[in-house]
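Next comes model.txt, a file with compact mmCIF, C-alpha atoms and all ligand atoms.
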# COMPACT_ATOMS: atom_id res chain seq x y z
CA MET X 1 0.00 0.00 0.00
CA PRO X 2 1.48 3.42 -0.90
CA ASP X 3 2.26 5.58 2.14
CA LYS X 4 0.18 8.46 0.78
CA ASN X 5 -2.96 6.62 1.97
CA ILE X 6 -1.85 6.94 5.57
CA ILE X 7 -3.90 9.66 7.27
CA LYS X 8 -2.17 9.56 10.62
CA GLU X 9 1.00 8.27 12.24
CA VAL X 10 1.04 7.32 15.93
CA ASP X 11 3.59 5.71 18.22
CA ILE X 12 1.28 3.05 19.59
CA ALA X 13 -2.07 1.88 18.21
CA VAL X 14 -4.36 -0.21 20.43
CA VAL X 15 -7.15 -2.40 19.03
CA GLY X 16 -10.08 -2.51 21.48
CA ALA X 17 -11.14 -0.39 24.46
CA GLY X 18 -11.81 -3.21 26.91
CA PRO X 19 -9.88 -3.40 30.20
CA ALA X 20 -6.75 -4.90 28.59
CA GLY X 21 -6.49 -2.29 25.82
CA LEU X 22 -7.24 0.62 28.13
CA VAL X 23 -4.79 -0.44 30.83
CA ALA X 24 -2.07 -0.90 28.18
CA ALA X 25 -2.92 2.55 26.75
CA ILE X 26 -2.69 4.19 30.20
CA GLN X 27 0.75 2.68 30.79
CA ALA X 28 2.10 3.43 27.33
CA ALA X 29 0.82 7.04 27.39
CA SER X 30 2.50 7.59 30.78
CA TYR X 31 5.83 7.41 28.88
CA GLY X 32 4.84 10.48 26.88
CA THR X 33 4.08 8.46 23.74
CA LYS X 34 1.36 9.18 21.18
CA VAL X 35 -1.27 6.48 21.76
CA SER X 36 -4.52 5.90 19.84
CA VAL X 37 -7.11 3.33 20.90
CA PHE X 38 -9.58 2.13 18.24
CA GLU X 39 -12.89 0.73 19.48
CA GLU X 40 -15.49 -0.65 17.10
CA HIS X 41 -18.50 0.14 19.32
CA SER X 42 -19.84 3.65 19.87
CA THR X 43 -20.07 3.30 23.67
CA ILE X 44 -17.25 2.03 25.89
CA GLY X 45 -18.25 -1.09 27.83
CA LEU X 46 -21.13 -2.08 25.57
CA PRO X 47 -22.13 -4.76 24.79
CA THR X 48 -21.15 -6.18 28.17
CA HIS X 49 -20.01 -9.81 28.56
CA CYS X 50 -18.88 -10.27 32.15
CA ALA X 51 -20.08 -11.21 35.64
CA GLY X 52 -17.97 -8.36 37.01
CA LEU X 53 -16.45 -10.24 39.95
CA VAL X 54 -12.90 -9.01 40.55
CA SER X 55 -10.78 -9.71 43.61
CA VAL X 56 -9.72 -6.97 46.01
CA LYS X 57 -6.18 -8.41 46.01
CA GLY X 58 -6.19 -8.25 42.22
CA PHE X 59 -6.83 -4.52 42.33
CA LYS X 60 -4.05 -4.12 44.90
CA LYS X 61 -1.68 -5.74 42.40
CA LEU X 62 -2.96 -3.44 39.65
CA GLY X 63 -2.07 -0.49 41.85
CA PHE X 64 -5.48 1.20 41.87
CA TYR X 65 -9.01 0.56 43.10
CA PRO X 66 -12.35 0.99 41.34
CA PRO X 67 -14.23 4.16 42.35
CA SER X 68 -17.31 3.66 44.56
CA ASN X 69 -19.85 4.37 41.78
CA VAL X 70 -18.46 1.39 39.83
CA VAL X 71 -18.80 -1.07 42.74
CA LEU X 72 -22.30 -2.54 43.01
CA ASN X 73 -21.54 -4.90 45.87
CA LYS X 74 -18.69 -6.47 47.85
CA VAL X 75 -18.55 -10.13 48.79
CA ARG X 76 -16.52 -11.83 51.51
CA GLY X 77 -17.06 -15.47 50.72
CA ALA X 78 -18.53 -18.19 48.58
CA VAL X 79 -20.86 -21.17 48.98
CA PHE X 80 -19.92 -24.22 46.89
CA PHE X 81 -22.48 -26.81 45.84
CA SER X 82 -21.73 -30.33 44.63
CA PRO X 83 -23.85 -32.00 41.95
CA SER X 84 -26.22 -33.49 44.53
CA GLY X 85 -26.28 -30.43 46.79
CA HIS X 86 -23.57 -31.04 49.45
CA ASN X 87 -22.21 -27.64 50.24
CA PHE X 88 -19.68 -25.73 52.26
CA VAL X 89 -18.89 -22.09 52.85
CA VAL X 90 -15.56 -20.34 52.44
CA GLU X 91 -15.84 -17.20 54.46
CA ARG X 92 -13.36 -14.50 55.32
CA ARG X 93 -13.70 -11.52 57.59
CA LYS X 94 -12.75 -8.89 55.06
CA ASP X 95 -14.27 -8.22 51.64
CA GLN X 96 -12.68 -10.51 49.06
CA ALA X 97 -14.13 -9.32 45.80
CA TYR X 98 -15.97 -6.44 44.19
CA VAL X 99 -19.01 -6.94 42.01
CA LEU X 100 -18.47 -4.32 39.35
CA ASP X 101 -20.67 -2.50 36.92
CA ARG X 102 -18.44 -3.53 34.00
CA ILE X 103 -19.77 -0.78 31.74
CA LEU X 104 -18.89 1.93 34.26
CA TYR X 105 -15.59 0.21 35.06
CA ASP X 106 -14.48 0.25 31.41
CA GLN X 107 -15.62 3.89 31.17
CA PHE X 108 -13.60 4.73 34.30
CA LEU X 109 -10.50 3.23 32.63
CA ALA X 110 -11.25 5.15 29.43
CA SER X 111 -11.38 8.46 31.28
CA LYS X 112 -8.05 7.61 32.98
CA ALA X 113 -6.56 6.87 29.56
CA LYS X 114 -7.82 10.16 28.10
CA LYS X 115 -6.56 12.16 31.09
CA ILE X 116 -3.05 10.86 30.55
CA GLY X 117 -3.15 11.77 26.86
CA ALA X 118 -4.32 8.66 24.97
CA LYS X 119 -6.83 9.26 22.17
CA ILE X 120 -9.84 6.97 21.97
CA GLU X 121 -11.68 6.70 18.66
CA LEU X 122 -15.13 5.15 19.00
CA ALA X 123 -17.19 3.46 16.28
CA CYS X 124 -13.89 2.79 14.57
CA LYS X 125 -13.29 -0.83 13.58
CA VAL X 126 -9.86 -2.18 12.75
CA SER X 127 -10.44 -4.29 9.64
CA ASP X 128 -6.87 -5.35 8.95
CA ALA X 129 -3.30 -4.87 10.12
CA PHE X 130 0.08 -5.91 8.81
CA VAL X 131 3.72 -5.12 9.48
CA LYS X 132 5.54 -3.31 6.69
CA ARG X 133 9.22 -2.55 7.29
CA ASP X 134 9.40 -0.31 10.40
CA LYS X 135 5.63 0.29 10.70
CA VAL X 136 2.40 -1.49 11.40
CA ILE X 137 -0.20 -0.48 8.82
CA ILE X 138 -3.71 -0.49 10.27
CA LYS X 139 -6.87 -0.30 8.19
CA LEU X 140 -9.88 1.29 9.90
CA ILE X 141 -13.55 1.51 9.05
CA LYS X 142 -15.24 4.60 10.47
CA ARG X 143 -18.70 5.72 9.36
CA LYS X 144 -18.44 3.35 6.40
CA MET X 145 -15.23 5.11 5.27
CA GLU X 146 -11.88 3.39 5.14
CA ASP X 147 -8.82 5.05 6.71
CA VAL X 148 -5.25 3.91 7.11
CA VAL X 149 -3.09 4.61 10.15
CA ALA X 150 0.57 3.75 10.70
CA ALA X 151 1.99 2.89 14.13
CA LYS X 152 5.41 1.95 15.44
CA VAL X 153 3.79 -0.65 17.70
CA LEU X 154 0.40 -2.34 17.64
CA ILE X 155 -1.12 -3.59 20.91
CA ASP X 156 -3.94 -5.96 20.01
CA ALA X 157 -6.58 -6.14 22.78
CA GLU X 158 -9.53 -7.12 20.60
CA GLY X 159 -10.81 -9.82 22.98
CA VAL X 160 -11.69 -13.43 22.31
CA LYS X 161 -12.82 -12.94 18.68
CA SER X 162 -9.14 -12.70 17.63
CA VAL X 163 -9.86 -11.70 14.02
CA ILE X 164 -6.96 -9.27 13.63
CA SER X 165 -4.50 -11.42 15.60
CA ARG X 166 -5.18 -14.39 13.32
CA ARG X 167 -4.68 -12.22 10.25
CA LEU X 168 -1.31 -11.33 11.75
CA GLY X 169 -0.47 -15.02 12.07
CA PHE X 170 -1.11 -15.63 15.79
CA ASP X 171 -3.04 -18.57 17.24
CA LYS X 172 -6.62 -18.33 18.44
CA PRO X 173 -7.26 -18.82 22.20
CA ARG X 174 -8.15 -22.45 23.02
CA SER X 175 -10.85 -24.29 24.98
CA LEU X 176 -13.59 -21.74 24.47
CA LEU X 177 -16.93 -22.28 26.20
CA PRO X 178 -20.17 -20.48 25.35
CA ALA X 179 -21.70 -18.70 28.35
CA VAL X 180 -25.02 -17.08 29.22
CA GLN X 181 -25.93 -14.85 32.14
CA PHE X 182 -29.23 -13.42 33.39
CA GLU X 183 -29.35 -10.24 35.45
CA MET X 184 -32.22 -11.03 37.81
CA MET X 185 -34.33 -8.84 40.11
CA ASP X 186 -36.66 -9.85 42.99
CA VAL X 187 -34.65 -12.89 44.05
CA GLU X 188 -33.52 -14.06 47.49
CA VAL X 189 -29.75 -13.98 47.91
CA ASN X 190 -27.24 -13.28 50.66
CA ASP X 191 -25.32 -10.29 49.34
CA ASP X 192 -22.13 -11.31 51.22
CA PHE X 193 -21.64 -14.56 49.28
CA VAL X 194 -21.36 -15.79 45.73
CA GLU X 195 -22.72 -19.26 45.02
CA LEU X 196 -21.06 -21.79 42.71
CA TYR X 197 -22.66 -24.98 41.43
CA PHE X 198 -20.64 -27.85 39.98
CA GLY X 199 -21.62 -30.95 38.08
CA GLN X 200 -21.58 -32.56 34.65
CA LYS X 201 -25.35 -32.18 34.38
CA ILE X 202 -25.41 -28.59 35.64
CA ALA X 203 -22.56 -27.10 33.60
CA PRO X 204 -20.27 -29.65 31.90
CA GLY X 205 -16.73 -28.26 31.60
CA PHE X 206 -17.35 -25.31 33.93
CA PHE X 207 -19.82 -24.27 36.67
CA ALA X 208 -22.91 -22.17 37.30
CA TRP X 209 -22.64 -18.96 39.33
CA ILE X 210 -24.90 -16.68 41.33
CA ILE X 211 -23.29 -13.32 42.03
CA PRO X 212 -25.38 -10.99 44.19
CA THR X 213 -25.55 -7.37 43.10
CA SER X 214 -27.75 -6.58 46.16
CA ASP X 215 -29.83 -8.65 48.62
CA SER X 216 -32.61 -8.95 46.03
CA SER X 217 -30.78 -9.02 42.69
CA ALA X 218 -28.10 -11.22 41.18
CA ARG X 219 -26.21 -12.26 38.08
CA VAL X 220 -26.97 -15.89 37.40
CA GLY X 221 -25.02 -17.60 34.68
CA LEU X 222 -23.14 -20.58 33.44
CA ALA X 223 -20.66 -21.65 30.83
CA ALA X 224 -20.70 -25.16 29.41
CA LYS X 225 -19.46 -27.21 26.47
CA SER X 226 -22.73 -26.53 24.64
CA ARG X 227 -26.32 -25.28 25.04
CA PRO X 228 -25.66 -22.89 27.97
CA LEU X 229 -29.04 -21.17 27.64
CA ASN X 230 -30.98 -24.43 27.93
CA LEU X 231 -28.82 -25.51 30.85
CA LEU X 232 -29.29 -22.17 32.63
CA LYS X 233 -33.08 -22.33 32.26
CA LYS X 234 -33.02 -25.92 33.53
CA PHE X 235 -30.81 -24.89 36.46
CA LEU X 236 -33.26 -22.17 37.52
CA ARG X 237 -36.27 -24.48 37.06
CA SER X 238 -34.95 -27.55 38.79
CA ASN X 239 -32.08 -26.92 41.20
CA LYS X 240 -33.40 -27.42 44.73
CA GLN X 241 -31.15 -24.74 46.25
CA VAL X 242 -32.22 -22.14 43.71
CA LEU X 243 -35.79 -22.89 42.70
CA LYS X 244 -37.67 -21.36 45.65
CA ARG X 245 -35.49 -18.30 45.98
CA PHE X 246 -35.65 -17.45 42.27
CA ARG X 247 -39.24 -18.45 41.52
CA LYS X 248 -40.51 -14.86 41.57
CA GLY X 249 -37.39 -13.52 39.90
CA ARG X 250 -37.53 -11.22 36.89
CA ILE X 251 -34.92 -11.32 34.16
CA ALA X 252 -33.82 -7.74 33.50
CA ARG X 253 -31.05 -8.50 31.01
CA VAL X 254 -29.58 -11.47 29.17
CA ILE X 255 -25.95 -11.46 28.11
CA GLY X 256 -23.86 -14.00 26.27
CA GLY X 257 -20.15 -14.42 25.83
CA THR X 258 -17.24 -16.80 25.54
CA VAL X 259 -15.22 -18.05 28.48
CA ILE X 260 -11.60 -19.05 27.80
CA THR X 261 -10.26 -22.05 29.75
CA GLY X 262 -7.23 -23.09 27.67
CA GLY X 263 -4.70 -20.61 29.06
CA PRO X 264 -2.39 -18.30 27.09
CA ILE X 265 -1.63 -18.93 23.43
CA SER X 266 1.89 -20.08 22.50
CA ARG X 267 3.21 -16.71 21.32
CA THR X 268 1.90 -13.25 22.21
CA TRP X 269 4.56 -11.11 20.54
CA ASP X 270 5.98 -10.85 17.05
CA SER X 271 7.95 -8.06 15.41
CA ARG X 272 6.00 -4.87 16.31
CA VAL X 273 2.83 -6.53 17.61
CA LEU X 274 1.91 -7.37 21.23
CA LEU X 275 -1.25 -9.30 22.18
CA VAL X 276 -2.90 -8.62 25.57
CA GLY X 277 -5.95 -9.85 27.49
CA ASP X 278 -8.45 -12.36 26.10
CA VAL X 279 -6.96 -12.36 22.60
CA ALA X 280 -3.74 -13.68 24.19
CA GLY X 281 -5.69 -16.20 26.33
CA GLN X 282 -4.56 -14.38 29.52
CA VAL X 283 -7.54 -15.68 31.46
CA LYS X 284 -7.63 -18.02 34.46
CA PRO X 285 -8.39 -21.52 33.14
CA THR X 286 -10.01 -22.38 36.48
CA THR X 287 -12.60 -19.64 36.53
CA GLY X 288 -12.58 -17.77 33.22
CA GLY X 289 -11.64 -14.55 35.08
CA GLY X 290 -9.58 -12.27 32.87
CA VAL X 291 -9.99 -8.74 34.16
CA VAL X 292 -7.05 -8.82 36.62
CA LEU X 293 -4.57 -11.14 34.88
CA GLY X 294 -5.22 -9.61 31.46
CA SER X 295 -4.69 -6.14 32.92
CA LEU X 296 -1.50 -7.16 34.77
CA CYS X 297 -0.07 -8.43 31.46
CA SER X 298 -1.29 -5.24 29.75
CA ILE X 299 0.66 -3.12 32.23
CA ILE X 300 3.79 -4.98 31.14
CA ALA X 301 2.91 -4.51 27.45
CA GLY X 302 2.29 -0.78 27.95
CA ARG X 303 5.58 -0.35 29.80
CA VAL X 304 7.65 -2.26 27.24
CA ALA X 305 6.04 -0.40 24.32
CA GLY X 306 6.40 2.93 26.15
CA GLU X 307 10.12 2.40 26.85
CA PHE X 308 10.68 1.18 23.29
CA ILE X 309 9.34 4.45 21.87
CA ARG X 310 10.75 6.82 24.49
CA ASP X 311 14.28 5.46 24.24
CA SER X 312 14.21 4.59 20.49
CA LEU X 313 15.25 1.02 21.25
CA PRO X 314 15.81 -1.76 18.69
CA VAL X 315 12.64 -3.65 17.73
CA ASN X 316 13.80 -6.81 19.45
CA PHE X 317 13.31 -5.01 22.78
CA LEU X 318 9.58 -5.68 22.39
CA SER X 319 10.20 -9.39 23.05
CA ASN X 320 10.64 -8.38 26.71
CA TYR X 321 6.86 -8.21 26.97
CA GLU X 322 6.42 -11.94 26.45
CA LYS X 323 9.48 -12.82 28.56
CA THR X 324 8.29 -10.68 31.47
CA TRP X 325 4.67 -11.77 31.70
CA ARG X 326 5.65 -15.43 31.37
CA LYS X 327 8.24 -14.97 34.12
CA PHE X 328 5.63 -13.50 36.50
CA PHE X 329 2.51 -15.48 35.58
CA GLY X 330 3.50 -18.45 33.37
CA ARG X 331 3.72 -20.87 36.31
CA GLU X 332 0.33 -19.77 37.65
CA PHE X 333 -1.33 -20.27 34.27
CA ARG X 334 0.20 -23.75 34.00
CA SER X 335 -0.98 -24.79 37.47
CA MET X 336 -4.48 -23.44 36.86
CA LYS X 337 -4.65 -25.38 33.60
CA ILE X 338 -3.85 -28.59 35.46
CA LEU X 339 -6.55 -27.85 38.02
CA ARG X 340 -9.08 -27.09 35.30
CA ALA X 341 -8.27 -30.45 33.69
CA LEU X 342 -8.70 -32.13 37.09
CA LEU X 343 -12.08 -30.49 37.63
CA ASN X 344 -13.25 -31.46 34.15
CA PHE X 345 -12.11 -35.02 34.76
CA LEU X 346 -13.74 -35.59 38.18
CA PRO X 347 -17.04 -37.46 37.82
CA ASP X 348 -20.08 -36.17 39.74
CA LYS X 349 -19.87 -39.00 42.28
CA THR X 350 -16.28 -38.13 43.20
CA LEU X 351 -17.14 -34.44 43.43
CA ASP X 352 -19.99 -35.30 45.80
CA LYS X 353 -17.63 -37.31 48.02
CA LEU X 354 -15.02 -34.59 48.07
CA PHE X 355 -17.57 -31.89 48.93
CA LEU X 356 -18.96 -34.07 51.72
CA TYR X 357 -15.45 -34.62 53.09
CA ILE X 358 -14.68 -30.92 52.98
CA SER X 359 -18.02 -29.94 54.54
CA ARG X 360 -17.22 -32.09 57.59
CA TYR X 361 -13.82 -30.52 58.33
CA GLU X 362 -12.86 -27.08 59.51
CA PHE X 363 -10.51 -25.62 56.92
CA SER X 364 -11.10 -21.93 57.39
CA ASP X 365 -7.76 -21.25 59.14
CA ASP X 366 -5.79 -23.06 56.43
CA LEU X 367 -7.61 -21.11 53.77
CA ALA X 368 -6.98 -17.83 55.51
CA GLU X 369 -3.29 -18.80 55.53
CA TYR X 370 -2.93 -20.19 52.01
CA GLY X 371 -5.88 -18.89 50.04
CA ASP X 372 -5.30 -16.26 47.44
CA MET X 373 -7.90 -15.51 44.81
CA ASP X 374 -5.36 -14.87 42.07
CA PHE X 375 -2.39 -17.09 42.70
CA GLN X 376 -2.61 -20.80 43.41
CA TYR X 377 0.80 -22.24 42.69
CA LYS X 378 2.18 -22.17 46.24
CA THR X 379 -0.99 -23.76 47.55
CA ILE X 380 -0.74 -26.60 45.06
CA LEU X 381 2.92 -27.25 45.86
CA ARG X 382 2.10 -27.46 49.57
CA SER X 383 -0.77 -29.80 48.80
CA LEU X 384 1.57 -32.47 47.50
CA SER X 385 2.85 -33.12 51.03
CA ASN X 386 -0.37 -34.13 52.84
CA ILE X 387 -4.03 -34.92 52.36
CA LYS X 388 -5.28 -31.99 54.40
CA ALA X 389 -3.27 -29.62 52.23
CA LEU X 390 -4.71 -31.36 49.16
CA ALA X 391 -8.19 -30.55 50.39
CA VAL X 392 -7.02 -26.99 51.03
CA ALA X 393 -5.68 -26.81 47.47
CA PHE X 394 -9.01 -28.00 46.15
CA LEU X 395 -10.83 -25.50 48.33
CA THR X 396 -8.54 -22.73 47.22
CA LEU X 397 -9.21 -23.64 43.63
CA LEU X 398 -12.92 -23.47 44.26
CA SER X 399 -12.62 -20.10 45.89
CA GLN X 400 -11.00 -18.68 42.75
CA LEU X 401 -14.04 -17.31 41.03
CA VAL X 402 -12.14 -14.40 39.59
C1 LIG X 501 -20.15 -14.60 30.84
C2 LIG X 501 -18.79 -14.12 31.24
C3 LIG X 501 -18.55 -13.77 32.57
C4 LIG X 501 -17.28 -13.32 32.95
N1 LIG X 501 -17.11 -12.96 34.26
C5 LIG X 501 -15.90 -12.51 34.66
C6 LIG X 501 -15.70 -12.11 36.00
O1 LIG X 501 -16.61 -12.17 36.84
N2 LIG X 501 -14.47 -11.64 36.36
C7 LIG X 501 -13.44 -11.56 35.45
O2 LIG X 501 -12.32 -11.16 35.84
N3 LIG X 501 -13.61 -11.93 34.17
C8 LIG X 501 -14.81 -12.38 33.74
N4 LIG X 501 -15.00 -12.73 32.43
C9 LIG X 501 -13.88 -12.55 31.49
C10 LIG X 501 -13.72 -11.07 31.13
O3 LIG X 501 -14.94 -10.56 30.68
C11 LIG X 501 -12.65 -10.92 30.07
O4 LIG X 501 -11.49 -11.63 30.47
C12 LIG X 501 -12.29 -9.43 29.85
O5 LIG X 501 -13.39 -8.71 29.40
C13 LIG X 501 -11.16 -9.36 28.82
O6 LIG X 501 -10.83 -8.04 28.56
P1 LIG X 501 -10.19 -7.64 27.14
O7 LIG X 501 -9.94 -6.18 27.22
O8 LIG X 501 -9.10 -8.57 26.80
O9 LIG X 501 -11.35 -7.94 26.07
P2 LIG X 501 -12.79 -7.33 25.94
O10 LIG X 501 -13.33 -6.90 27.25
O11 LIG X 501 -13.57 -8.32 25.16
O12 LIG X 501 -12.57 -6.02 25.07
C14 LIG X 501 -12.23 -6.10 23.69
C15 LIG X 501 -12.67 -4.80 23.02
O13 LIG X 501 -12.18 -4.80 21.70
C16 LIG X 501 -13.19 -4.32 20.82
N5 LIG X 501 -12.89 -4.82 19.49
C17 LIG X 501 -12.88 -6.12 19.08
N6 LIG X 501 -12.52 -6.20 17.80
C18 LIG X 501 -12.26 -4.95 17.38
C19 LIG X 501 -11.85 -4.38 16.15
N7 LIG X 501 -11.57 -5.14 15.08
N8 LIG X 501 -11.69 -3.04 16.05
C20 LIG X 501 -11.95 -2.25 17.13
N9 LIG X 501 -12.36 -2.72 18.32
C21 LIG X 501 -12.51 -4.05 18.45
C22 LIG X 501 -14.47 -4.85 21.44
O14 LIG X 501 -15.60 -4.12 21.00
C23 LIG X 501 -14.18 -4.68 22.92
O15 LIG X 501 -14.58 -3.43 23.39
C24 LIG X 501 -16.24 -13.21 32.01
C25 LIG X 501 -16.47 -13.58 30.67
C26 LIG X 501 -17.74 -14.02 30.29
C27 LIG X 501 -17.97 -14.40 28.87
Would you mind writing the file's structure down as structure tokens?
Amino acid sequence: MPDKNIIKEVDIAVVGAGPAGLVAAIQAASYGTKVSVFEEHSTIGLPTHCAGLVSVKGFKKLGFYPPSNVVLNKVRGAVFFSPSGHNFVVERRKDQAYVLDRILYDQFLASKAKKIGAKIELACKVSDAFVKRDKVIIKLIKRKMEDVVAAKVLIDAEGVKSVISRRLGFDKPRSLLPAVQFEMMDVEVNDDFVELYFGQKIAPGFFAWIIPTSDSSARVGLAAKSRPLNLLKKFLRSNKQVLKRFRKGRIARVIGGTVITGGPISRTWDSRVLLVGDVAGQVKPTTGGGVVLGSLCSIIAGRVAGEFIRDSLPVNFLSNYEKTWRKFFGREFRSMKILRALLNFLPDKTLDKLFLYISRYEFSDDLAEYGDMDFQYKTILRSLSNIKALAVAFLTLLSQLV
């Protein structure tokens, strides 16, 4: 393509204004670089595809907290249900997770990005991208018109669809599960606890969740290998623990989406392109939570890209992104993948036995000591030494909703 078609040159172009793209943009712009974020939708945060549960510890690691208007509720524990209804509670004294309004959260990140100097172009779809010599050429469609932008670095944060990343030769994220969630009003829930339901008949390959947004409203959803909508309707109609409390419930909103359980793709960097968030598979295989881990990796991407531009470094410097995030989180992703495989493998009868065993013992102190909503590796290593620790590892895994 002749260069005369290029309408704008930027240092760093970001595809997608979800949490990963916006966090990367904030970091990169903090190095004084010229950053443009391209978002195909006209409103940040819409359409939403998230249960909005994000750990308090996760935010501590991100180095900021969500403002109060973005937080709908705070939870301090979870109730876990086996296929036949055995259950136990993991409870902590302090709040463990925020239930976020994901639309407002994404908009909060967007205003942070703008304040620091990043430009966000809405209703602007990236239709193609390719590396040409020392530039990434990016084709955009805005109001049915085609534009071309050149960037020194492209950060692809397009989410699970991975259309642009595949055009650039990267892999697609693996082990994708369709998910459905109802936002329900007039239901009976304890607003301090999330509820998780396991079982091959309830949600094969994943679990069902109830996340309270208040004491009378909740997000109820599930991901499964197939037919999540049918399974969710069946769950609400027939699960003994849910039926009575949700009978009078009203569905205010239905959302769908794709949960990633296969862990990161094999390569998330090439030449002048960095992949962050869902498109890179930076999602917990245990729980499908990607807001924290994707954003932590995006911080690294933003820093590496920012330094690259500021200090006019050789292009190979960009490989530090992949090296750094794998150094910090690679082990955790691997351990969570093993635990996901274990959960998928356990038949309902074994799950019932394990839940019964756990419900009869007092593990709360061990969990308070070992449990961490985002990082499980240490817990798993400890679990190899004794059976009690194994149960703790299993419990810790179950308490990892986000
Ligand atoms: C049902 C469900 C429940 C979930 N619940 C949780 C939860 O409770 N906690 C949690 O941590 N995670 C949860 N997740 C996962 C979480 O939603 C994702 O990990 C997170 O949104 C990933 O952020 P991202 O920025 O990588 O991608 P996204 O949030 O998907 O953002 C990608 C952005 O890119 C834009 N885009 C895509 N293609 C283009 C293009 N060609 N040009 C321009 N713009 C483009 C999209 O419009 C979008 O705005 C859930 C997922 C699902 C499906």
Rounded to one decimal, what separation in Å do you get between atom CA of Phe193 of chain X and atom CA of Leu243 of chain X?
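These atoms are spaced 17.7 Å apart.
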Within-7 Å residues of ligand LIG 501 (chain X), basis only C-alpha atoms and all ligand atoms, as a PyMOL selection string:
chain X and resi 15-21+38-41+44-45+49-54+124-127+157-161+163-164+179-181+221+256-259+276-279+283+288-292+294+402
Within 12 Å of Pro67 of chain X, counting only C-alpha atoms, which residues show up once you throw out same-chain ones fewer than 5 positions away? Write them as a short mmCIF file (atom, residue, chain, number, x, y, z; two decimals) with C-alpha atoms, in the frame of the given file, please.
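Okay, selection36.cif is ready:
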data_model
loop_
_atom_site.label_atom_id
_atom_site.label_comp_id
_atom_site.auth_asym_id
_atom_site.auth_seq_id
_atom_site.Cartn_x
_atom_site.Cartn_y
_atom_site.Cartn_z
CA PHE X 59 -6.83 -4.52 42.33
CA LEU X 72 -22.30 -2.54 43.01
CA TYR X 98 -15.97 -6.44 44.19
CA LEU X 100 -18.47 -4.32 39.35
CA ASP X 101 -20.67 -2.50 36.92
CA LEU X 104 -18.89 1.93 34.26
CA TYR X 105 -15.59 0.21 35.06
CA ASP X 106 -14.48 0.25 31.41
CA GLN X 107 -15.62 3.89 31.17
CA PHE X 108 -13.60 4.73 34.30
CA LEU X 109 -10.50 3.23 32.63
CA LYS X 112 -8.05 7.61 32.98
#
Best match for closeness to Ala110 of chain X among X:Pro83, X:Val148, X:Ala24, X:Ala129, counting only C-alpha atoms
X:Ala24
If you count only C-alpha atoms, which residues fall within 7 Å of Ile155 of chain X, apart from same-chain ones fewer than 3 positions away, as a VMD selection string?
chain X and resid 13 to 15 273 to 275
For the point (-26.2, -29.7, 37.1) in the file's frame, write as a PyMOL selection string all residues with an atom no more than 8 Å away, counting all atoms listed in the file.
chain X and resi 83+197-204+231+235+239
All residues 9 Å or closer to Lys349 of chain X, all atoms listed in the file, same chain fewer than 3 positions away omitted, as a PyMOL selection string
chain X and resi 83-84+346+352-354
One number please: atom CA of Ser335 of chain X to atom CA of Ser359 of chain X, in Å, one decimal.
24.7 Å
Let me make sure I understand: among X:Arg340, X:Arg237, X:Arg326, X:Lys248, which one has the smallest atom-to-atom distance to Gly262 of chain X if we use all atoms listed in the file?
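Closest to Gly262 of chain X of all the choices is X:Arg340.
Picture a line from atom CA of Ser295 of chain X to atom CA of Lys135 of chain X; it runs 25.3 Å.
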